[in-house]
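K.L.:
My structure is in run-v8.csv, and what it holds is CSV, C-alpha atoms:
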chain,number,residue,atom,x,y,z
A,786,MET,CA,24.1,198.9,41.2
A,787,ALA,CA,27.3,200.8,40.5
A,788,SER,CA,28.6,199.5,43.8
A,789,THR,CA,27.7,196.0,42.9
A,790,ALA,CA,29.4,196.2,39.5
A,791,ARG,CA,32.5,197.6,41.1
A,792,ASP,CA,32.6,194.9,43.7
A,793,ARG,CA,32.4,192.2,41.0
A,794,ARG,CA,35.3,193.8,39.1
A,795,GLU,CA,37.4,193.8,42.3
A,796,SER,CA,36.5,190.3,43.1
A,797,ALA,CA,37.5,189.1,39.6
A,798,ALA,CA,40.8,191.0,39.9
A,799,VAL,CA,41.5,189.3,43.3
A,800,LEU,CA,40.8,185.8,41.8
A,801,ALA,CA,43.0,186.5,38.8
A,802,ASP,CA,45.9,187.8,40.8
A,803,PRO,CA,48.2,184.9,41.8
A,804,ILE,CA,49.9,187.0,44.4
A,805,ALA,CA,46.7,187.3,46.4
A,806,VAL,CA,46.4,183.6,47.2
A,807,ALA,CA,50.1,183.0,48.0
A,808,ASP,CA,50.9,182.5,51.7
A,809,PRO,CA,53.3,185.3,52.8
A,810,ARG,CA,54.8,183.0,55.6
A,811,PRO,CA,57.7,180.7,54.7
A,812,SER,CA,56.5,177.1,54.2
A,813,LYS,CA,57.9,174.3,56.5
A,814,PRO,CA,59.5,171.2,55.1
A,815,ARG,CA,57.1,168.4,54.3
A,816,TRP,CA,58.9,165.8,56.6
A,817,PHE,CA,58.7,168.3,59.5
A,818,SER,CA,55.1,168.9,58.9
A,819,GLY,CA,54.4,165.1,58.9
A,820,VAL,CA,56.3,164.5,62.1
A,821,SER,CA,54.6,167.5,63.7
A,822,GLY,CA,51.3,166.1,62.7
A,823,ILE,CA,52.1,162.7,64.3
A,824,LEU,CA,53.8,164.0,67.5
A,825,ARG,CA,51.4,167.0,68.1
A,826,PRO,CA,48.0,166.1,66.7
A,827,GLY,CA,46.4,167.8,69.6
A,828,LEU,CA,47.9,171.2,68.7
A,829,GLN,CA,46.2,171.2,65.3
A,830,ARG,CA,42.9,170.1,66.8
A,831,HIS,CA,42.9,173.1,69.1
A,832,GLN,CA,43.9,175.7,66.5
A,833,PRO,CA,41.3,178.3,65.8
A,834,GLN,CA,39.1,177.5,62.8
A,835,GLU,CA,40.2,179.4,59.7
A,836,PHE,CA,37.8,181.1,57.2
A,837,ASN,CA,37.3,178.8,54.3
A,838,ALA,CA,34.3,180.3,52.5
A,839,ASN,CA,34.0,180.1,48.7
A,840,ASP,CA,34.6,183.5,47.1
A,841,LEU,CA,32.1,182.7,44.4
A,842,LEU,CA,29.3,182.4,47.0
A,843,ALA,CA,30.1,185.6,48.8
A,844,PHE,CA,27.8,188.5,47.8
A,845,PRO,CA,28.9,191.9,49.1
A,846,SER,CA,25.3,193.2,48.8
A,847,GLU,CA,24.3,190.9,51.6
A,848,THR,CA,26.7,192.5,54.1
A,849,ASN,CA,26.7,196.0,55.6
A,850,LEU,CA,30.4,196.5,55.4
A,851,PRO,CA,31.6,199.9,54.2
A,852,PRO,CA,33.2,200.0,50.8
A,853,GLU,CA,36.7,200.4,52.3
A,854,ARG,CA,36.2,197.4,54.6
A,855,GLU,CA,34.6,195.5,51.8
A,856,ARG,CA,37.8,195.9,49.8
A,857,GLY,CA,39.8,195.0,52.8
A,858,ALA,CA,37.7,191.9,53.4
A,859,ALA,CA,37.9,191.0,49.8
A,860,ALA,CA,41.7,191.2,49.9
A,861,ALA,CA,41.8,189.2,53.2
A,862,GLU,CA,39.5,186.5,52.1
A,863,PRO,CA,41.9,184.9,49.5
A,864,SER,CA,44.8,185.3,52.0
A,865,ALA,CA,42.8,183.5,54.7
A,866,SER,CA,41.7,180.7,52.4
A,867,ALA,CA,45.2,180.3,51.2
A,868,THR,CA,46.4,178.9,54.5
A,869,PRO,CA,44.1,175.9,54.6
A,870,THR,CA,44.6,175.4,50.9
A,871,THR,CA,48.4,175.0,51.5
A,872,LYS,CA,47.8,172.6,54.4
A,873,ARG,CA,45.4,170.5,52.3
A,874,ALA,CA,47.9,170.4,49.5
A,875,SER,CA,50.7,168.8,51.7
A,876,PRO,CA,51.0,165.1,50.8
A,877,LYS,CA,50.6,162.1,53.2
A,878,ARG,CA,53.9,160.6,52.2
A,879,PRO,CA,56.0,162.4,54.9
A,880,ILE,CA,54.2,160.2,57.5
A,881,VAL,CA,55.7,157.0,56.0
A,882,LEU,CA,59.3,158.1,56.7
A,883,PRO,CA,58.9,158.4,60.5
A,884,LEU,CA,57.1,155.0,60.6
A,885,VAL,CA,60.0,153.4,58.7
A,886,ILE,CA,62.4,155.0,61.2
A,887,VAL,CA,60.4,153.7,64.2
A,888,VAL,CA,60.1,150.2,62.7
A,889,GLY,CA,63.8,150.1,61.9
A,890,VAL,CA,64.8,151.1,65.5
A,891,ALA,CA,62.4,148.5,67.0
A,892,GLY,CA,63.7,145.8,64.7
A,893,GLY,CA,67.3,146.5,65.5
A,894,PHE,CA,66.6,146.4,69.3
A,895,GLY,CA,64.8,143.1,68.9
A,896,LEU,CA,67.7,141.6,66.9
A,897,VAL,CA,70.2,142.7,69.5
A,898,THR,CA,68.0,141.2,72.3
A,899,LEU,CA,67.6,137.9,70.4
A,900,ARG,CA,71.3,137.6,69.8
A,901,ARG,CA,72.0,138.1,73.5
A,902,LEU,CA,69.3,135.7,74.7
A,903,ALA,CA,69.9,133.0,72.1
A,904,PRO,CA,73.2,131.6,73.4
A,905,ALA,CA,71.7,131.3,76.9
A,906,ALA,CA,68.6,129.6,75.6
A,907,PHE,CA,70.5,127.1,73.5
A,908,GLY,CA,73.0,126.5,76.3
A,909,ALA,CA,70.2,125.7,78.6
A,910,ALA,CA,68.6,123.3,76.1
A,911,ALA,CA,71.9,121.4,75.6
A,912,PRO,CA,72.0,118.1,77.6
A,913,ARG,CA,74.3,118.1,80.7
A,914,THR,CA,76.5,115.1,81.5
A,915,GLY,CA,76.4,113.3,84.8
A,916,SER,CA,79.3,112.3,87.1
A,917,LEU,CA,79.9,108.8,88.4
A,918,THR,CA,82.5,107.9,91.1
A,919,ILE,CA,83.5,104.3,91.6
A,920,ASN,CA,85.2,103.3,94.9
A,921,THR,CA,86.2,99.7,95.8
A,922,GLU,CA,87.7,98.0,98.7
A,923,PRO,CA,90.4,96.9,98.0
A,924,PRO,CA,91.2,99.5,95.3
A,925,ALA,CA,92.7,98.9,91.8
A,926,ALA,CA,89.6,97.1,90.4
A,927,ASP,CA,89.0,97.3,86.7
A,928,VAL,CA,86.0,99.5,85.8
A,929,LEU,CA,84.0,99.0,82.5
A,930,VAL,CA,81.1,101.1,81.3
A,931,ASP,CA,78.9,99.5,78.7
A,932,GLY,CA,81.7,97.0,78.1
A,933,ASN,CA,84.4,99.6,77.5
A,934,PRO,CA,87.3,99.8,79.9
A,935,ARG,CA,87.5,103.2,81.7
A,936,GLY,CA,90.3,102.7,84.2
A,937,THR,CA,90.8,101.4,87.7
A,938,SER,CA,89.2,102.4,91.0
A,939,PRO,CA,89.0,104.9,92.6
A,940,LEU,CA,87.7,106.5,89.4
A,941,THR,CA,85.5,109.6,88.7
A,942,MET,CA,84.2,110.0,85.1
A,943,ALA,CA,81.6,112.0,83.2
A,944,LEU,CA,78.8,110.0,81.5
A,945,ALA,CA,76.1,110.9,79.1
A,946,PRO,CA,72.6,110.9,80.5
A,947,GLY,CA,70.7,107.7,80.1
A,948,PRO,CA,71.0,104.0,81.1
A,949,HIS,CA,74.5,102.4,81.5
A,950,THR,CA,75.9,99.0,82.6
A,951,ILE,CA,78.7,99.3,85.1
A,952,THR,CA,81.1,96.3,85.5
A,953,VAL,CA,83.7,96.2,88.3
A,954,ARG,CA,85.9,93.2,88.5
A,955,THR,CA,89.1,91.8,90.0
A,956,ASP,CA,90.8,88.5,89.6
A,957,ARG,CA,88.7,87.2,92.5
A,958,ASP,CA,85.4,88.9,92.1
A,959,SER,CA,83.1,90.6,89.6
A,960,ARG,CA,80.1,92.9,89.9
A,961,VAL,CA,77.6,94.1,87.2
A,962,VAL,CA,75.3,97.0,88.1
A,963,PRO,CA,72.7,98.7,85.8
A,964,LEU,CA,72.7,102.4,86.4
A,965,THR,CA,70.7,105.4,84.9
A,966,ILE,CA,72.5,108.7,84.9
A,967,ALA,CA,70.4,111.9,85.1
A,968,PRO,CA,71.6,115.2,83.6
A,969,GLY,CA,73.9,117.0,86.1
A,970,ALA,CA,73.7,114.1,88.7
A,971,GLU,CA,76.6,113.2,90.8
A,972,ILE,CA,76.5,109.5,91.8
A,973,THR,CA,79.0,107.5,94.0
A,974,GLN,CA,79.1,103.7,94.0
A,975,HIS,CA,81.1,101.7,96.6
A,976,PHE,CA,81.9,98.0,96.1
A,977,GLU,CA,83.3,95.5,98.6
A,978,MET,CA,85.2,93.1,96.5
A,979,LYS,CA,86.3,89.6,97.6
A,980,THR,CA,89.9,89.4,98.5
A,981,ARG,CA,92.3,86.5,98.5
A,982,ASP,CA,91.8,86.1,102.3
A,983,ASP,CA,88.0,86.0,101.8
A,984,VAL,CA,88.3,83.3,99.3
A,985,ALA,CA,90.7,81.3,101.4
A,986,GLN,CA,88.3,81.1,104.3
A,987,VAL,CA,86.5,78.1,102.8
A,988,GLY,CA,87.6,74.6,101.8
A,989,ARG,CA,86.3,71.3,100.4
A,990,VAL,CA,85.9,67.7,101.5
A,991,SER,CA,86.2,64.8,99.1
A,992,VAL,CA,84.2,61.8,100.2
A,993,VAL,CA,84.6,58.3,98.8
A,994,THR,CA,82.8,55.2,100.0
A,995,GLU,CA,83.4,51.5,99.4
A,996,PRO,CA,81.1,50.4,97.9
A,997,PRO,CA,80.2,53.6,96.3
A,998,GLY,CA,76.7,55.1,96.3
A,999,ALA,CA,76.4,55.7,100.1
A,1000,LYS,CA,74.5,58.9,101.1
A,1001,VAL,CA,76.8,61.6,102.4
A,1002,SER,CA,75.9,64.2,105.1
A,1003,VAL,CA,78.1,67.0,106.4
A,1004,ASP,CA,77.1,68.5,109.8
A,1005,GLY,CA,73.7,66.8,109.4
A,1006,ARG,CA,73.0,68.3,106.0
A,1007,PRO,CA,72.6,65.8,103.1
A,1008,HIS,CA,74.8,66.4,100.0
A,1009,GLY,CA,74.2,63.4,97.7
A,1010,ALA,CA,75.8,60.0,97.0
A,1011,ALA,CA,79.5,59.2,97.2
A,1012,PRO,CA,81.9,59.7,95.6
A,1013,LEU,CA,81.5,63.5,95.7
A,1014,VAL,CA,83.1,66.7,96.7
A,1015,VAL,CA,81.4,69.1,99.2
A,1016,ALA,CA,82.6,72.6,98.5
A,1017,ASP,CA,82.3,76.0,100.3
A,1018,LEU,CA,82.8,74.6,103.8
A,1019,ASN,CA,84.0,77.0,106.4
A,1020,ALA,CA,87.6,76.3,107.6
A,1021,GLY,CA,87.5,74.2,110.7
A,1022,GLU,CA,86.2,70.8,112.0
A,1023,HIS,CA,83.2,69.1,110.4
A,1024,THR,CA,81.3,65.8,110.9
A,1025,VAL,CA,80.9,63.6,107.8
A,1026,THR,CA,78.4,60.8,107.9
A,1027,VAL,CA,77.8,58.1,105.2
A,1028,ALA,CA,75.0,55.5,105.1
A,1029,SER,CA,74.0,52.7,102.8
A,1030,ASP,CA,72.4,49.3,102.9
A,1031,ALA,CA,75.8,47.9,103.7
A,1032,GLY,CA,76.1,50.0,106.8
A,1033,SER,CA,77.0,53.5,108.1
A,1034,SER,CA,79.9,55.4,109.5
A,1035,GLU,CA,80.9,58.8,110.9
A,1036,ARG,CA,84.1,60.7,111.1
A,1037,LYS,CA,85.5,64.1,112.0
A,1038,VAL,CA,87.5,66.0,109.3
A,1039,VAL,CA,89.4,69.3,109.5
A,1040,VAL,CA,89.0,71.6,106.5
A,1041,THR,CA,91.8,74.1,105.9
A,1042,PRO,CA,91.3,77.4,104.1
A,1043,GLY,CA,91.5,76.9,100.3
A,1044,GLY,CA,92.3,73.2,100.8
A,1045,THR,CA,90.6,69.9,100.0
A,1046,ALA,CA,90.3,67.2,102.7
A,1047,ALA,CA,89.9,63.6,101.4
A,1048,ILE,CA,88.2,61.0,103.4
A,1049,VAL,CA,87.5,57.3,102.5
A,1050,PHE,CA,84.8,55.1,104.1
A,1051,SER,CA,85.0,51.3,103.8
A,1052,LEU,CA,81.5,50.0,104.5
A,1053,ALA,CA,80.7,46.3,105.0
A,1054,SER,CA,80.0,44.9,101.6
A,1055,LYS,CA,77.9,41.8,100.6
A,1056,ALA,CA,80.1,41.3,97.5
A,1057,PRO,CA,83.2,39.3,98.0
A,1058,GLY,CA,86.6,41.1,97.7
A,1059,PRO,CA,87.3,44.8,97.3
A,1060,ILE,CA,85.7,46.7,94.4
A,1061,GLY,CA,87.7,49.9,94.7
A,1062,GLY,CA,91.3,51.1,94.6
A,1063,TRP,CA,93.4,54.1,95.4
A,1064,LEU,CA,95.1,56.8,93.4
A,1065,SER,CA,98.4,58.5,94.6
A,1066,LEU,CA,99.6,61.6,92.8
A,1067,SER,CA,103.2,62.8,92.9
A,1068,ALA,CA,103.8,66.4,91.6
A,1069,PRO,CA,106.3,69.2,92.3
A,1070,PHE,CA,103.5,71.7,92.8
A,1071,ASP,CA,99.8,71.5,93.9
A,1072,VAL,CA,97.6,69.7,91.4
A,1073,GLU,CA,93.8,69.5,91.5
A,1074,ILE,CA,92.2,66.3,90.2
A,1075,THR,CA,88.8,66.4,88.5
A,1076,GLU,CA,86.6,63.8,86.8
A,1077,ASN,CA,83.6,64.7,84.6
A,1078,GLY,CA,83.8,68.3,85.9
A,1079,ASP,CA,83.8,67.2,89.6
A,1080,VAL,CA,86.8,67.7,91.9
A,1081,ILE,CA,87.7,64.3,93.3
A,1082,GLY,CA,90.9,65.2,95.2
A,1083,ALA,CA,94.2,67.0,95.2
A,1084,SER,CA,97.9,66.1,95.2
A,1085,ARG,CA,98.2,67.1,98.9
A,1086,ALA,CA,96.1,64.0,99.9
A,1087,SER,CA,98.1,60.9,100.5
A,1088,ARG,CA,95.6,58.6,98.6
A,1089,ILE,CA,92.4,59.1,96.7
A,1090,MET,CA,89.9,56.3,96.6
A,1091,LEU,CA,88.3,55.5,93.3
A,1092,ALA,CA,86.1,52.7,91.9
A,1093,ALA,CA,88.0,50.0,90.2
A,1094,GLY,CA,88.2,50.5,86.5
A,1095,ARG,CA,89.3,53.1,83.9
A,1096,HIS,CA,89.1,56.8,84.7
A,1097,ASP,CA,89.8,59.9,82.6
A,1098,VAL,CA,91.0,62.6,85.0
A,1099,VAL,CA,92.2,66.2,84.5
A,1100,LEU,CA,95.2,67.4,86.4
A,1101,ALA,CA,95.4,71.2,86.7
A,1102,ASN,CA,97.1,74.1,88.5
A,1103,ARG,CA,95.4,77.3,87.2
A,1104,SER,CA,97.8,79.7,88.8
A,1105,LEU,CA,100.7,78.1,86.9
A,1106,GLY,CA,98.8,77.6,83.7
A,1107,TYR,CA,99.2,73.9,83.9
A,1108,GLN,CA,96.5,71.4,82.7
A,1109,GLU,CA,96.9,67.8,81.5
A,1110,THR,CA,94.4,64.9,80.9
A,1111,ARG,CA,95.4,61.4,82.0
A,1112,ARG,CA,93.8,58.0,81.6
A,1113,ILE,CA,94.2,55.9,84.7
A,1114,ASP,CA,93.3,52.3,85.4
A,1115,VAL,CA,92.5,51.7,89.0
A,1116,VAL,CA,92.9,48.1,90.3
A,1117,ALA,CA,90.6,46.9,93.1
A,1118,GLY,CA,92.4,46.8,96.4
A,1119,ARG,CA,95.6,48.4,95.0
A,1120,THR,CA,97.2,51.9,94.8
A,1121,THR,CA,97.9,53.4,91.5
A,1122,THR,CA,100.7,56.1,91.5
A,1123,VAL,CA,100.6,59.0,88.9
A,1124,ARG,CA,103.7,61.2,88.5
A,1125,VAL,CA,103.4,64.8,87.1
A,1126,GLU,CA,106.4,66.0,85.1
A,1127,PRO,CA,106.3,69.8,85.0
A,1128,PRO,CA,106.2,71.4,81.5
A,1129,GLN,CA,108.9,73.7,80.3
A,1130,ALA,CA,108.6,77.4,79.8
A,1131,SER,CA,111.0,80.2,78.6
A,1132,MET,CA,112.5,82.6,81.1
A,1133,SER,CA,114.6,85.8,80.6
A,1134,VAL,CA,116.9,87.3,83.2
A,1135,ASN,CA,118.7,90.6,83.3
A,1136,ALA,CA,120.5,92.7,85.9
A,1137,ARG,CA,122.1,96.2,86.3
A,1138,PRO,CA,125.0,96.5,85.7
A,1139,TRP,CA,125.4,92.7,85.3
A,1140,ALA,CA,125.3,89.6,87.5
A,1141,GLU,CA,126.0,85.9,87.5
A,1142,ILE,CA,122.8,83.9,87.9
A,1143,VAL,CA,122.4,80.9,90.1
A,1144,MET,CA,119.0,79.1,89.9
A,1145,ASP,CA,118.1,76.5,92.5
A,1146,GLY,CA,121.8,76.1,93.4
A,1147,THR,CA,123.1,75.7,89.8
A,1148,SER,CA,124.8,78.5,87.8
A,1149,ILE,CA,123.0,79.3,84.5
A,1150,GLY,CA,125.4,82.0,83.2
A,1151,GLN,CA,125.8,85.8,83.2
A,1152,THR,CA,123.1,88.4,82.3
A,1153,PRO,CA,121.6,89.1,80.0
A,1154,ILE,CA,120.0,85.6,79.7
A,1155,ALA,CA,117.2,85.2,77.2
A,1156,ASN,CA,114.6,82.5,76.5
A,1157,LEU,CA,116.1,79.9,78.9
A,1158,GLN,CA,113.9,76.8,79.1
A,1159,VAL,CA,113.0,76.0,82.7
A,1160,SER,CA,110.2,74.0,84.4
A,1161,VAL,CA,107.1,75.8,85.6
A,1162,GLY,CA,106.8,76.4,89.3
A,1163,SER,CA,108.8,78.1,92.0
A,1164,HIS,CA,112.5,78.8,91.6
A,1165,GLU,CA,115.1,80.6,93.6
A,1166,LEU,CA,117.5,83.0,91.8
A,1167,VAL,CA,120.7,84.5,93.2
A,1168,PHE,CA,122.2,87.6,91.5
A,1169,ARG,CA,126.0,87.9,92.1
A,1170,ASN,CA,128.3,90.8,91.3
A,1171,PRO,CA,131.9,91.0,92.6
A,1172,GLN,CA,131.6,94.7,93.5
A,1173,LEU,CA,127.9,94.9,94.5
A,1174,GLY,CA,127.4,91.6,96.3
A,1175,GLU,CA,124.5,89.3,95.8
A,1176,ARG,CA,120.7,89.4,95.9
A,1177,ARG,CA,118.2,86.5,96.3
A,1178,GLN,CA,114.8,86.4,94.6
A,1179,THR,CA,112.1,83.8,94.5
A,1180,VAL,CA,110.2,83.7,91.1
A,1181,ILE,CA,107.3,81.7,89.8
A,1182,VAL,CA,107.5,80.5,86.2
A,1183,THR,CA,104.1,80.0,84.5
A,1184,ALA,CA,103.3,78.1,81.4
A,1185,HIS,CA,101.4,81.0,79.7
A,1186,GLY,CA,104.4,83.4,80.3
A,1187,PRO,CA,106.0,85.7,79.6
A,1188,ASN,CA,108.5,85.2,82.4
A,1189,ARG,CA,110.9,88.1,82.7
A,1190,ILE,CA,113.0,88.8,85.8
A,1191,ALA,CA,115.3,91.8,86.4
A,1192,ALA,CA,117.2,93.2,89.3
A,1193,ASP,CA,118.9,96.6,89.8
A,1194,LEU,CA,122.0,95.9,92.0
A,1195,THR,CA,122.9,99.6,92.0
A,1196,ASN,CA,119.8,100.4,94.0
A,1197,THR,CA,120.5,99.6,97.6
A,1198,LYS,CA,117.1,100.6,98.9
Kindly transcribe the structure held in the file into structure tokens.

P.N.:
Amino acid sequence: MASTARDRRESAAVLADPIAVADPRPSKPRWFSGVSGILRPGLQRHQPQEFNANDLLAFPSETNLPPERERGAAAAEPSASATPTTKRASPKRPIVLPLVIVVGVAGGFGLVTLRRLAPAAFGAAAPRTGSLTINTEPPAADVLVDGNPRGTSPLTMALAPGPHTITVRTDRDSRVVPLTIAPGAEITQHFEMKTRDDVAQVGRVSVVTEPPGAKVSVDGRPHGAAPLVVADLNAGEHTVTVASDAGSSERKVVVTPGGTAAIVFSLASKAPGPIGGWLSLSAPFDVEITENGDVIGASRASRIMLAAGRHDVVLANRSLGYQETRRIDVVAGRTTTVRVEPPQASMSVNARPWAEIVMDGTSIGQTPIANLQVSVGSHELVFRNPQLGERRQTVIVTAHGPNRIAADLTNTK
């Protein structure tokens, strides 16, 4: 009993002494403990299990330890229990700091990666233009895209992806091509345009019959009733045949490139006396004659046969910008002559350093000469300078102008 009472007093003294429960080892920082707990959980799991018995439930009488060992055990028990008590007392908040650090590092790496990849991704998504090359034969044709001028051929240009309308034109020909441009595509288009020589390979035949109304055939192909003009005939010889109730006739005619051949047939008529007359045109330049939109002849023909009566004809030369409407009365069996007076247009002439100008054999003064009124058509100019000699030049004056002529007499090439 005395031993039991003594043990209880020693136990009470141990519980009351704060020095007995303190851990003699220096404590680690809390953040280091938290990181060690995350990075080395396995080490804690394999540590030997520490004594964690409750001192109040320990009864020294139930052990066989000697009194000296009992006191040593009593002194060691609080020390052993102090270690787990200290570990349990460490808060969980140190674990949050490493998690914040890991999340911050991962977020920064993701932001840098996104900033590196974003320009490439956006660049790949941007639409790419296509390339279109226009070649023509002959070159220098005007090129329009969706109605907007883009230059002359040969031409290479960048176009936005999608449908477009390409127009290629010259003064003799025009082509319109719908085209769809794909992103990054390179397209080349070649156009064979009509030239002046191509256009000049065909001509026309003007056929007039007396009486009118006879059926006309050229090279065996019917073309309608006279009077008429058969266009787009190849240059060369052709056979023209006319037929009506009054009779039929056949003739050979030669078609020149770009020209109009006129031929008149006089068929036997049941009506007494002639019912048609002729028209003769005198002009200083080529003139085309049309009536009701149909070409009935040209000034190059000696005579053009027309039905007797009144006719409203249009005289025109498109290259000179000349056009005039005339009312003509054709008398049966007679020739009516029509004279064309060329209209006036302004012309300006200059020379370097200066020159006396002679036009069509008549002196018109010294340069500079401005707004001189001359007739439309072809004229020959002679530039004369006492020190530099003279130079001849043929010019064509048009009605729509402007007509500006210049010569550099100092340039001997």

K.L.:
From the set A:Glu995, A:Glu1022, A:Ile1190, A:Glu971, which residue has the shortest atom-to-atom contact distance to A:Ala1010, counting only C-alpha atoms?

P.N.:
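The closest residue to A:Ala1010 is A:Glu995.
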
K.L.:
From the options A:Pro924, A:Gly1186, A:Pro1012, A:Pro948, which residue's atoms come nearest to A:Ile1081, counting all atoms listed in the file?

P.N.:
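Among the listed residues, the smallest separation from A:Ile1081 belongs to A:Pro1012.
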
K.L.:
Which value, in Å to one decimal, gives the distance between atom CA of A:Arg1124 and atom CA of A:Ala1068?

P.N.:
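Separating atom CA of A:Arg1124 from atom CA of A:Ala1068 is a distance of 6.1 Å.
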
K.L.:
Report the distance between atom CA of A:Thr994 and atom CA of A:Ile1060 in Å, rounded to one decimal place.

P.N.:
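Computed distance, atom CA of A:Thr994 to atom CA of A:Ile1060, equals 10.6 Å.
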
K.L.:
Report, in Å to a single decimal, how far apart atom CA of A:Arg1137 and atom CA of A:Ile1154 are.

P.N.:
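For atom CA of A:Ile1154 relative to atom CA of A:Arg1137, the distance reads 12.7 Å.
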
K.L.:
Fewer than 3 positions away in the same chain doesn't count, so skip those; otherwise give me all residues within 8 Å of A:Leu1052, counting only C-alpha atoms, as a ChimeraX atom specification.

P.N.:
/A:994-996,1031-1034

K.L.:
Got time to write the residues from that selection, C-alpha atoms, as a compact mmCIF listing (two decimals), in the coordinates of the input?

P.N.:
# COMPACT_ATOMS: atom_id res chain seq x y z
CA THR A 994 82.80 55.20 100.00
CA GLU A 995 83.40 51.50 99.40
CA PRO A 996 81.10 50.40 97.90
CA ALA A 1031 75.80 47.90 103.70
CA GLY A 1032 76.10 50.00 106.80
CA SER A 1033 77.00 53.50 108.10
CA SER A 1034 79.90 55.40 109.50

K.L.:
Pick out the closest residue to A:Pro1171 from this set: A:Ala1020, A:Val1099, A:Ala1093, A:Leu1194. Count only C-alpha atoms.

P.N.:
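Distance minimum relative to A:Pro1171 lands on A:Leu1194.
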
K.L.:
Using all atoms listed in the file, find the one residue out of A:Val1027, A:Leu917, A:Leu929, A:Val1014 that sits nearest to A:Ala1083.

P.N.:
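Among the listed residues, A:Val1014 lies closest to A:Ala1083.
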